[in-house]
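Enquirer: This is the content of data-v6.pdb (PDB, C-alpha atoms):
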```pdb
ATOM      1  CA  MET A   1      -7.186  25.323 127.471
ATOM      2  CA  LYS A   2      -5.292  25.052 130.703
ATOM      3  CA  LEU A   3      -1.685  24.725 131.768
ATOM      4  CA  GLY A   4      -0.806  23.474 135.241
ATOM      5  CA  ASP A   5       0.306  25.861 137.969
ATOM      6  CA  GLY A   6       3.758  24.308 137.899
ATOM      7  CA  VAL A   7       4.701  25.834 134.556
ATOM      8  CA  GLU A   8       5.227  29.335 135.919
ATOM      9  CA  ALA A   9       7.380  28.127 138.829
ATOM     10  CA  ALA A  10       9.398  25.818 136.577
ATOM     11  CA  ILE A  11      10.275  28.597 134.128
ATOM     12  CA  HIS A  12      11.192  31.032 136.896
ATOM     13  CA  CYS A  13      13.439  28.413 138.540
ATOM     14  CA  CYS A  14      15.187  27.719 135.240
ATOM     15  CA  ALA A  15      15.729  31.465 134.752
ATOM     16  CA  VAL A  16      17.220  31.824 138.235
ATOM     17  CA  LEU A  17      19.493  28.821 137.639
ATOM     18  CA  ALA A  18      20.586  30.299 134.303
ATOM     19  CA  GLY A  19      21.713  33.341 136.289
ATOM     20  CA  THR A  20      23.462  31.132 138.827
ATOM     21  CA  GLY A  21      25.788  29.497 136.309
ATOM     22  CA  GLN A  22      26.741  25.859 136.008
ATOM     23  CA  ASP A  23      29.522  25.967 138.636
ATOM     24  CA  ALA A  24      27.012  26.145 141.485
ATOM     25  CA  THR A  25      23.637  24.778 142.539
ATOM     26  CA  ILE A  26      20.661  26.124 144.487
ATOM     27  CA  SER A  27      18.615  23.874 146.760
ATOM     28  CA  ALA A  28      14.946  23.159 146.156
ATOM     29  CA  GLY A  29      14.210  24.726 149.544
ATOM     30  CA  ASP A  30      15.866  28.017 148.601
ATOM     31  CA  LEU A  31      14.192  28.073 145.162
ATOM     32  CA  ALA A  32      10.826  27.401 146.799
ATOM     33  CA  GLU A  33      11.275  30.116 149.428
ATOM     34  CA  HIS A  34      12.381  32.683 146.839
ATOM     35  CA  HIS A  35       9.297  32.000 144.717
ATOM     36  CA  GLY A  36       6.883  31.676 147.629
ATOM     37  CA  VAL A  37       5.814  28.115 146.756
ATOM     38  CA  SER A  38       6.004  24.892 148.784
ATOM     39  CA  ALA A  39       9.192  22.880 148.364
ATOM     40  CA  SER A  40       7.358  19.553 147.939
ATOM     41  CA  TYR A  41       5.235  21.099 145.185
ATOM     42  CA  LEU A  42       8.299  22.491 143.480
ATOM     43  CA  VAL A  43      10.386  19.293 143.720
ATOM     44  CA  LYS A  44       7.780  17.415 141.689
ATOM     45  CA  HIS A  45       8.318  19.809 138.795
ATOM     46  CA  LEU A  46      12.092  20.051 139.232
ATOM     47  CA  LYS A  47      12.302  16.259 138.937
ATOM     48  CA  ARG A  48      10.541  16.408 135.588
ATOM     49  CA  LEU A  49      13.029  19.014 134.401
ATOM     50  CA  VAL A  50      15.888  16.737 135.533
ATOM     51  CA  ALA A  51      14.324  13.777 133.708
ATOM     52  CA  GLU A  52      14.409  15.795 130.489
ATOM     53  CA  GLY A  53      18.002  16.949 130.984
ATOM     54  CA  ILE A  54      16.986  20.572 131.406
ATOM     55  CA  LEU A  55      18.235  20.574 134.995
ATOM     56  CA  GLU A  56      20.849  18.491 136.731
ATOM     57  CA  SER A  57      20.454  17.417 140.323
ATOM     58  CA  VAL A  58      23.491  17.240 142.602
ATOM     59  CA  PRO A  59      22.608  14.936 145.506
ATOM     60  CA  GLY A  60      23.482  15.413 149.163
ATOM     61  CA  PRO A  61      23.038  18.128 151.778
ATOM     62  CA  ALA A  62      25.361  20.519 149.898
ATOM     63  CA  GLY A  63      23.743  19.706 146.529
ATOM     64  CA  GLY A  64      20.833  21.225 144.668
ATOM     65  CA  TYR A  65      19.908  22.034 141.099
ATOM     66  CA  ARG A  66      21.710  23.607 138.169
ATOM     67  CA  LEU A  67      21.048  23.784 134.445
ATOM     68  CA  GLY A  68      21.673  20.511 132.629
ATOM     69  CA  ARG A  69      22.839  22.330 129.506
ATOM     70  CA  ALA A  70      23.485  25.900 128.370
ATOM     71  CA  ALA A  71      20.589  28.364 128.628
ATOM     72  CA  GLU A  72      20.944  28.945 124.869
ATOM     73  CA  ALA A  73      20.032  25.265 124.317
ATOM     74  CA  ILE A  74      16.848  25.337 126.441
ATOM     75  CA  THR A  75      13.593  26.658 124.983
ATOM     76  CA  LEU A  76      10.252  27.445 126.576
ATOM     77  CA  ALA A  77       8.877  24.439 124.675
ATOM     78  CA  ASP A  78      11.423  22.184 126.429
ATOM     79  CA  ILE A  79      10.330  23.425 129.859
ATOM     80  CA  VAL A  80       6.569  23.436 129.202
ATOM     81  CA  LEU A  81       6.574  19.940 127.670
ATOM     82  CA  ALA A  82       8.770  18.583 130.480
ATOM     83  CA  VAL A  83       6.317  19.841 133.115
ATOM     84  CA  GLU A  84       3.058  19.216 131.261
ATOM     85  CA  GLY A  85       3.939  16.121 129.262
ATOM     86  CA  ARG A  86       3.936  15.651 125.510
ATOM     87  CA  GLU A  87       0.342  14.535 125.110
ATOM     88  CA  PRO A  88      -1.635  16.836 122.801
ATOM     89  CA  ALA A  89      -4.045  19.212 124.551
ATOM     90  CA  PHE A  90      -6.794  18.128 122.162
ATOM     91  CA  ARG A  91      -7.995  14.673 123.049
ATOM     92  CA  CYS A  92      -9.541  12.899 120.080
ATOM     93  CA  ALA A  93     -11.815  10.152 121.380
ATOM     94  CA  ASN A  94     -12.758   9.300 117.804
ATOM     95  CA  ILE A  95     -16.380  10.185 118.456
ATOM     96  CA  ARG A  96     -16.855  10.199 114.688
ATOM     97  CA  ARG A  97     -16.966   6.412 115.040
ATOM     98  CA  ARG A  98     -19.389   6.244 117.951
ATOM     99  CA  GLY A  99     -23.182   6.075 117.882
ATOM    100  CA  PRO A 100     -25.590   3.737 116.075
ATOM    101  CA  SER A 101     -24.827   1.932 112.793
ATOM    102  CA  PRO A 102     -21.045   1.668 113.259
ATOM    103  CA  LEU A 103     -18.882   1.242 110.166
ATOM    104  CA  PRO A 104     -15.852  -1.036 109.818
ATOM    105  CA  ASP A 105     -12.300   0.213 110.442
ATOM    106  CA  ASP A 106     -11.507   0.578 106.752
ATOM    107  CA  ALA A 107     -14.110   3.349 106.384
ATOM    108  CA  TYR A 108     -11.864   5.561 108.533
ATOM    109  CA  LEU A 109      -8.445   5.243 106.962
ATOM    110  CA  ARG A 110      -7.981   9.040 106.786
ATOM    111  CA  PRO A 111      -7.427  10.969 110.017
ATOM    112  CA  CYS A 112     -10.391  13.049 111.176
ATOM    113  CA  GLY A 113     -10.116  16.550 109.692
ATOM    114  CA  ILE A 114     -11.221  18.101 112.982
ATOM    115  CA  ALA A 115      -8.459  16.386 114.947
ATOM    116  CA  ALA A 116      -5.943  17.280 112.230
ATOM    117  CA  ALA A 117      -6.862  20.987 112.392
ATOM    118  CA  MET A 118      -6.713  21.040 116.189
ATOM    119  CA  LEU A 119      -3.299  19.353 116.249
ATOM    120  CA  SER A 120      -2.001  21.691 113.572
ATOM    121  CA  ALA A 121      -2.844  24.674 115.822
ATOM    122  CA  GLU A 122      -1.001  22.985 118.674
ATOM    123  CA  ARG A 123       2.057  22.670 116.474
ATOM    124  CA  ALA A 124       1.919  26.445 115.948
ATOM    125  CA  TYR A 125       1.844  26.892 119.737
ATOM    126  CA  ARG A 126       4.807  24.627 120.308
ATOM    127  CA  GLU A 127       6.769  26.245 117.487
ATOM    128  CA  ALA A 128       6.189  29.638 119.102
ATOM    129  CA  LEU A 129       7.438  28.275 122.426
ATOM    130  CA  GLN A 130      10.475  26.816 120.683
ATOM    131  CA  LYS A 131      11.445  30.259 119.424
ATOM    132  CA  THR A 132      12.035  31.613 122.940
ATOM    133  CA  ARG A 133      15.261  30.385 124.522
ATOM    134  CA  LEU A 134      15.897  30.550 128.250
ATOM    135  CA  SER A 135      18.874  32.774 127.456
ATOM    136  CA  ASP A 136      16.532  35.230 125.686
ATOM    137  CA  LEU A 137      14.398  35.489 128.816
ATOM    138  CA  VAL A 138      17.434  36.113 131.023
ATOM    139  CA  THR A 139      18.799  38.763 128.649
ATOM    140  CA  GLU A 140      15.426  40.500 128.528
ATOM    141  CA  PHE A 141      15.186  40.352 132.329
ATOM    142  CA  LEU A 142      18.651  41.863 132.788
ATOM    143  CA  GLU A 143      18.046  44.599 130.213
ATOM    144  CA  THR A 144      14.574  45.710 131.227
ATOM    145  CA  SER A 145      14.074  45.060 134.952
ATOM    146  CA  ASP A 146      13.909  47.768 137.560
ATOM    147  CA  PRO A 147      17.308  48.042 139.345
ATOM    148  CA  ARG A 148      15.683  47.034 142.642
ATOM    149  CA  VAL A 149      14.393  43.809 141.076
ATOM    150  CA  LEU A 150      17.842  43.020 139.687
ATOM    151  CA  GLU A 151      19.449  43.721 143.044
ATOM    152  CA  ARG A 152      16.995  41.483 144.870
ATOM    153  CA  GLY A 153      17.565  38.661 142.368
ATOM    154  CA  CYS A 154      21.358  38.950 142.527
ATOM    155  CA  ALA A 155      21.302  39.066 146.333
ATOM    156  CA  PHE A 156      19.253  35.859 146.389
ATOM    157  CA  VAL A 157      21.619  34.029 144.039
ATOM    158  CA  GLU A 158      24.693  35.236 145.963
ATOM    159  CA  ARG A 159      23.216  33.995 149.239
ATOM    160  CA  ALA A 160      21.777  30.695 147.956
ATOM    161  CA  ARG A 161      24.405  29.493 145.475
ATOM    162  CA  ARG A 162      26.421  26.433 146.467
ATOM    163  CA  PRO A 163      29.698  26.095 144.542
ATOM    164  CA  GLN A 164      30.159  22.666 142.950
ATOM    165  CA  PRO A 165      32.787  20.803 140.974
ATOM    166  CA  ALA A 166      32.312  21.124 137.211
ATOM    167  CA  SER A 167      29.470  19.091 135.719
ATOM    168  CA  GLY A 168      30.003  15.502 134.405
TER     169      GLY A 168
ATOM    170  CA  MET B   1      -1.652  21.583 128.338
ATOM    171  CA  LYS B   2      -5.168  20.254 128.346
ATOM    172  CA  LEU B   3      -8.433  20.947 126.568
ATOM    173  CA  GLY B   4     -11.674  19.667 128.015
ATOM    174  CA  ASP B   5     -13.414  16.610 126.553
ATOM    175  CA  GLY B   6     -16.264  18.815 125.371
ATOM    176  CA  VAL B   7     -14.236  20.457 122.603
ATOM    177  CA  GLU B   8     -14.307  17.438 120.311
ATOM    178  CA  ALA B   9     -18.072  16.925 120.709
ATOM    179  CA  ALA B  10     -18.772  20.634 120.257
ATOM    180  CA  ILE B  11     -16.863  20.836 116.975
ATOM    181  CA  HIS B  12     -18.474  17.661 115.610
ATOM    182  CA  CYS B  13     -21.955  18.956 116.495
ATOM    183  CA  CYS B  14     -21.254  22.265 114.759
ATOM    184  CA  ALA B  15     -20.057  20.379 111.674
ATOM    185  CA  VAL B  16     -23.210  18.244 111.616
ATOM    186  CA  LEU B  17     -25.384  21.348 112.019
ATOM    187  CA  ALA B  18     -23.498  23.052 109.194
ATOM    188  CA  GLY B  19     -24.526  20.109 107.028
ATOM    189  CA  THR B  20     -28.115  20.362 108.271
ATOM    190  CA  GLY B  21     -28.637  23.903 107.043
ATOM    191  CA  GLN B  22     -30.310  26.778 108.831
ATOM    192  CA  ASP B  23     -33.866  25.834 107.832
ATOM    193  CA  ALA B  24     -33.918  22.909 110.267
ATOM    194  CA  THR B  25     -32.755  21.945 113.745
ATOM    195  CA  ILE B  26     -31.514  18.763 115.391
ATOM    196  CA  SER B  27     -32.330  17.962 119.008
ATOM    197  CA  ALA B  28     -29.657  17.614 121.675
ATOM    198  CA  GLY B  29     -30.819  14.036 122.200
ATOM    199  CA  ASP B  30     -30.237  13.112 118.558
ATOM    200  CA  LEU B  31     -26.867  14.875 118.455
ATOM    201  CA  ALA B  32     -25.834  13.067 121.642
ATOM    202  CA  GLU B  33     -26.923   9.652 120.356
ATOM    203  CA  HIS B  34     -25.161  10.150 117.020
ATOM    204  CA  HIS B  35     -21.898  11.025 118.770
ATOM    205  CA  GLY B  36     -22.218   8.446 121.517
ATOM    206  CA  VAL B  37     -22.111  10.972 124.372
ATOM    207  CA  SER B  38     -24.613  11.717 127.129
ATOM    208  CA  ALA B  39     -27.222  14.370 126.330
ATOM    209  CA  SER B  40     -26.803  16.178 129.658
ATOM    210  CA  TYR B  41     -23.055  16.388 129.050
ATOM    211  CA  LEU B  42     -23.593  17.670 125.543
ATOM    212  CA  VAL B  43     -26.235  20.267 126.477
ATOM    213  CA  LYS B  44     -23.760  22.010 128.773
ATOM    214  CA  HIS B  45     -21.466  22.622 125.806
ATOM    215  CA  LEU B  46     -24.272  23.430 123.342
ATOM    216  CA  LYS B  47     -25.479  26.143 125.727
ATOM    217  CA  ARG B  48     -22.058  27.752 125.661
ATOM    218  CA  LEU B  49     -22.141  27.731 121.871
ATOM    219  CA  VAL B  50     -25.590  29.363 121.960
ATOM    220  CA  ALA B  51     -24.320  32.010 124.409
ATOM    221  CA  GLU B  52     -21.629  32.961 121.891
ATOM    222  CA  GLY B  53     -24.042  33.079 118.947
ATOM    223  CA  ILE B  54     -22.396  30.109 117.239
ATOM    224  CA  LEU B  55     -25.579  28.063 117.628
ATOM    225  CA  GLU B  56     -29.196  29.087 117.949
ATOM    226  CA  SER B  57     -31.598  27.158 120.137
ATOM    227  CA  VAL B  58     -35.223  26.717 119.055
ATOM    228  CA  PRO B  59     -37.248  25.912 122.183
ATOM    229  CA  GLY B  60     -40.054  23.391 122.495
ATOM    230  CA  PRO B  61     -40.539  19.682 121.781
ATOM    231  CA  ALA B  62     -40.099  20.195 118.014
ATOM    232  CA  GLY B  63     -37.094  22.502 118.511
ATOM    233  CA  GLY B  64     -33.398  21.840 118.689
ATOM    234  CA  TYR B  65     -30.177  23.467 117.560
ATOM    235  CA  ARG B  66     -29.008  25.062 114.332
ATOM    236  CA  LEU B  67     -26.069  27.294 113.421
ATOM    237  CA  GLY B  68     -26.439  30.862 114.660
ATOM    238  CA  ARG B  69     -24.596  32.232 111.625
ATOM    239  CA  ALA B  70     -23.113  30.950 108.378
ATOM    240  CA  ALA B  71     -20.471  28.211 108.640
ATOM    241  CA  GLU B  72     -18.104  30.554 106.770
ATOM    242  CA  ALA B  73     -18.348  32.982 109.711
ATOM    243  CA  ILE B  74     -17.506  30.426 112.419
ATOM    244  CA  THR B  75     -13.895  29.473 113.132
ATOM    245  CA  LEU B  76     -12.356  26.767 115.268
ATOM    246  CA  ALA B  77     -11.197  29.552 117.598
ATOM    247  CA  ASP B  78     -14.831  30.638 118.092
ATOM    248  CA  ILE B  79     -15.877  27.125 119.072
ATOM    249  CA  VAL B  80     -12.866  26.317 121.274
ATOM    250  CA  LEU B  81     -13.041  29.612 123.164
ATOM    251  CA  ALA B  82     -16.823  29.288 123.621
ATOM    252  CA  VAL B  83     -16.416  25.856 125.210
ATOM    253  CA  GLU B  84     -13.178  26.435 127.118
ATOM    254  CA  GLY B  85     -13.519  30.097 128.017
ATOM    255  CA  ARG B  86     -11.271  32.994 127.111
ATOM    256  CA  GLU B  87      -8.895  32.787 130.044
ATOM    257  CA  PRO B  88      -5.292  32.247 128.973
ATOM    258  CA  ALA B  89      -3.965  28.702 129.460
ATOM    259  CA  PHE B  90      -0.903  30.132 131.196
ATOM    260  CA  ARG B  91      -1.796  31.331 134.633
ATOM    261  CA  CYS B  92       0.584  34.014 135.882
ATOM    262  CA  ALA B  93       0.380  34.116 139.669
ATOM    263  CA  ASN B  94       3.063  36.816 139.676
ATOM    264  CA  ILE B  95       5.421  34.601 141.618
ATOM    265  CA  ARG B  96       8.204  36.996 140.670
ATOM    266  CA  ARG B  97       6.794  39.169 143.472
ATOM    267  CA  ARG B  98       6.522  36.487 146.118
ATOM    268  CA  GLY B  99       9.102  35.381 148.639
ATOM    269  CA  PRO B 100      11.152  37.323 151.194
ATOM    270  CA  SER B 101      12.149  41.011 150.860
ATOM    271  CA  PRO B 102       9.155  42.112 148.761
ATOM    272  CA  LEU B 103       9.526  45.250 146.655
ATOM    273  CA  PRO B 104       6.907  47.979 146.154
ATOM    274  CA  ASP B 105       4.480  47.900 143.207
ATOM    275  CA  ASP B 106       6.433  50.474 141.212
ATOM    276  CA  ALA B 107       9.384  48.068 140.864
ATOM    277  CA  TYR B 108       7.192  45.921 138.610
ATOM    278  CA  LEU B 109       5.767  48.352 136.089
ATOM    279  CA  ARG B 110       6.827  46.189 133.132
ATOM    280  CA  PRO B 111       4.995  42.907 132.519
ATOM    281  CA  CYS B 112       6.961  39.771 133.395
ATOM    282  CA  GLY B 113       8.914  38.629 130.314
ATOM    283  CA  ILE B 114       8.063  34.998 131.054
ATOM    284  CA  ALA B 115       4.323  35.673 131.093
ATOM    285  CA  ALA B 116       4.645  37.807 127.953
ATOM    286  CA  ALA B 117       6.409  35.000 126.054
ATOM    287  CA  MET B 118       3.877  32.404 127.178
ATOM    288  CA  LEU B 119       0.932  34.579 126.157
ATOM    289  CA  SER B 120       2.541  35.350 122.818
ATOM    290  CA  ALA B 121       2.672  31.600 122.054
ATOM    291  CA  GLU B 122      -1.009  31.339 122.973
ATOM    292  CA  ARG B 123      -1.785  34.072 120.477
ATOM    293  CA  ALA B 124      -0.100  31.947 117.804
ATOM    294  CA  TYR B 125      -2.341  29.025 118.808
ATOM    295  CA  ARG B 126      -5.516  31.087 118.641
ATOM    296  CA  GLU B 127      -4.500  32.629 115.333
ATOM    297  CA  ALA B 128      -4.013  29.132 113.907
ATOM    298  CA  LEU B 129      -7.484  28.144 115.140
ATOM    299  CA  GLN B 130      -8.920  31.301 113.608
ATOM    300  CA  LYS B 131      -7.634  30.282 110.192
ATOM    301  CA  THR B 132      -9.846  27.174 110.056
ATOM    302  CA  ARG B 133     -13.500  27.946 109.344
ATOM    303  CA  LEU B 134     -16.279  25.495 110.045
ATOM    304  CA  SER B 135     -17.069  25.597 106.323
ATOM    305  CA  ASP B 136     -13.498  24.450 105.560
ATOM    306  CA  LEU B 137     -13.967  21.417 107.808
ATOM    307  CA  VAL B 138     -17.265  20.527 106.147
ATOM    308  CA  THR B 139     -15.780  20.886 102.656
ATOM    309  CA  GLU B 140     -12.812  18.724 103.599
ATOM    310  CA  PHE B 141     -15.148  16.133 105.127
ATOM    311  CA  LEU B 142     -17.315  16.004 101.987
ATOM    312  CA  GLU B 143     -14.324  15.805  99.661
ATOM    313  CA  THR B 144     -12.242  13.225 101.477
ATOM    314  CA  SER B 145     -14.518  10.921 103.464
ATOM    315  CA  ASP B 146     -15.188   7.326 102.578
ATOM    316  CA  PRO B 147     -18.588   7.038 100.771
ATOM    317  CA  ARG B 148     -19.932   4.904 103.630
ATOM    318  CA  VAL B 149     -19.112   7.625 106.157
ATOM    319  CA  LEU B 150     -20.847  10.229 104.005
ATOM    320  CA  GLU B 151     -23.874   8.011 103.587
ATOM    321  CA  ARG B 152     -24.096   7.375 107.324
ATOM    322  CA  GLY B 153     -23.837  11.108 108.071
ATOM    323  CA  CYS B 154     -26.447  12.064 105.479
ATOM    324  CA  ALA B 155     -28.816   9.354 106.695
ATOM    325  CA  PHE B 156     -28.518  10.695 110.235
ATOM    326  CA  VAL B 157     -29.237  14.282 109.189
ATOM    327  CA  GLU B 158     -32.197  13.195 107.020
ATOM    328  CA  ARG B 159     -33.697  11.253 109.891
ATOM    329  CA  ALA B 160     -32.997  13.795 112.673
ATOM    330  CA  ARG B 161     -33.597  17.151 110.981
ATOM    331  CA  ARG B 162     -36.645  19.103 112.114
ATOM    332  CA  PRO B 163     -37.761  21.729 109.595
ATOM    333  CA  GLN B 164     -38.196  25.186 111.131
ATOM    334  CA  PRO B 165     -39.366  28.616 110.067
ATOM    335  CA  ALA B 166     -36.503  30.845 108.910
ATOM    336  CA  SER B 167     -34.259  32.238 111.658
ATOM    337  CA  GLY B 168     -34.796  35.691 113.305
TER     338      GLY B 168
END
```
Before anything else, please render the file you have as structure tokens.

Expert:
Amino acid sequence: MKLGDGVEAAIHCCAVLAGTGQDATISAGDLAEHHGVSASYLVKHLKRLVAEGILESVPGPAGGYRLGRAAEAITLADIVLAVEGREPAFRCANIRRRGPSPLPDDAYLRPCGIAAAMLSAERAYREALQKTRLSDLVTEFLETSDPRVLERGCAFVERARRPQPASG
Amino acid sequence: MKLGDGVEAAIHCCAVLAGTGQDATISAGDLAEHHGVSASYLVKHLKRLVAEGILESVPGPAGGYRLGRAAEAITLADIVLAVEGREPAFRCANIRRRGPSPLPDDAYLRPCGIAAAMLSAERAYREALQKTRLSDLVTEFLETSDPRVLERGCAFVERARRPQPASG
């Protein structure tokens, strides 16, 4: 099972923007530099987060990204599914129906038990991701990080934040 | 999140071999034909199942594959991890440490909370897969399949099974 590289960057960006607050944005270039990833790579994932309403994009040279809703209303499942898509990880090609001596459609009215079990495990994964809110991650970060890490993060946000009029 | 194509074929082959019993094998060629996949593609996955002890390979022209242990002792997690590998789906590249103004190692003694939450959800997925035994899938198949599907499956096993001396 594999998740794309973009998931880690997307979650970290959302966490930074949760710390930034909704009265300011940070540019894709600053987010990319802070996380040591290419801006073009990052923008692809940020756009997916915007499409799902997790982030909001403020256009223009003084614009950037901010959370699209409160950090309490964003879960890890929201972010992972926005970046990776909602397709199940298990791809059922219905191989039970392949091979010689095929049977008609009405012999397969029940879903394949193998596919059903695989998809049930995926539901458990997504439910676990739904239990972690972005706000939980930020709280845990603030409460448990080394003071030097906190200071570096705060210094970045102070330098990179671009004050904006209140959201829509 | 993505699983490789081989997972579906691997689980179906294990289910067929559970129905075959451990006193006989089925060749990779017959398993491939029955599932409508290429034999060379399938052998790659069967070898991984053998490496994990889920299947046993009997060499020679009259050989083939059989379960390496009882179907009650094989879970979906065993099969999926054998085919896909044990690496976590979430790849933590430690991007929290990238970017300008790097901090020394001892500022990061605690694991990243984001990685911890992602890996915790993966544990939930694997635990769900562990709860489904191969024997459960076979029982469900026998109890719920259309009679024509059962007949087709039994006819295949009768035709393809190669009696063998008892295992090890």

Enquirer: Which residues fall under the ChimeraX specification (/A :<6) & /B in this file, as a PyMOL selection string?

Expert: chain B and resi 1-3+33-36+89-90+95+98-99+107+121+124-125+128-129+146

Enquirer: Spell out the residues picked by the PyMOL selection byres ((chain A and resi 24) around 12) here, as an MDAnalysis selection string.

Expert: chainID A and resid 16:23 25:27 56:58 62:68 157:167

Enquirer: Nearest to Cys13 (chain A) among A:Ala70, A:Ser40, A:Ile54, A:Gly60, with distances taken over all atoms listed in the file: which residue is it?

Expert: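 Under the stated criterion, the closest residue is A:Ile54.
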
Enquirer: Separation of CA of Pro61 (chain A) and CA of Leu49 (chain A), in Å?

Expert: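 Computing it gives 20.1 Å between the two atoms.
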
Enquirer: Quote the spacing between CA of Gly53 (chain A) and CA of Glu151 (chain A) in Å to one decimal place.

Expert: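 Here the two named atoms are 29.4 Å from each other.
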
Enquirer: If you take every atom of region 28-36 of chain B that the file lists and fit an axis-aligned box around them with 5 Å extra on each side, what centre and edge lengths come out in Å to one decimal, as JSON?

Expert:
```
{"center_x": -26.4, "center_y": 13.0, "center_z": 119.6, "size_x": 18.9, "size_y": 19.2, "size_z": 15.2}
```

Enquirer: May I ask for the distance between CA of Ser135 (chain B) and CA of Glu72 (chain B), given in Å to one decimal place?

Expert: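 About the pair CA of Ser135 (chain B) and CA of Glu72 (chain B): they are 5.1 Å apart.
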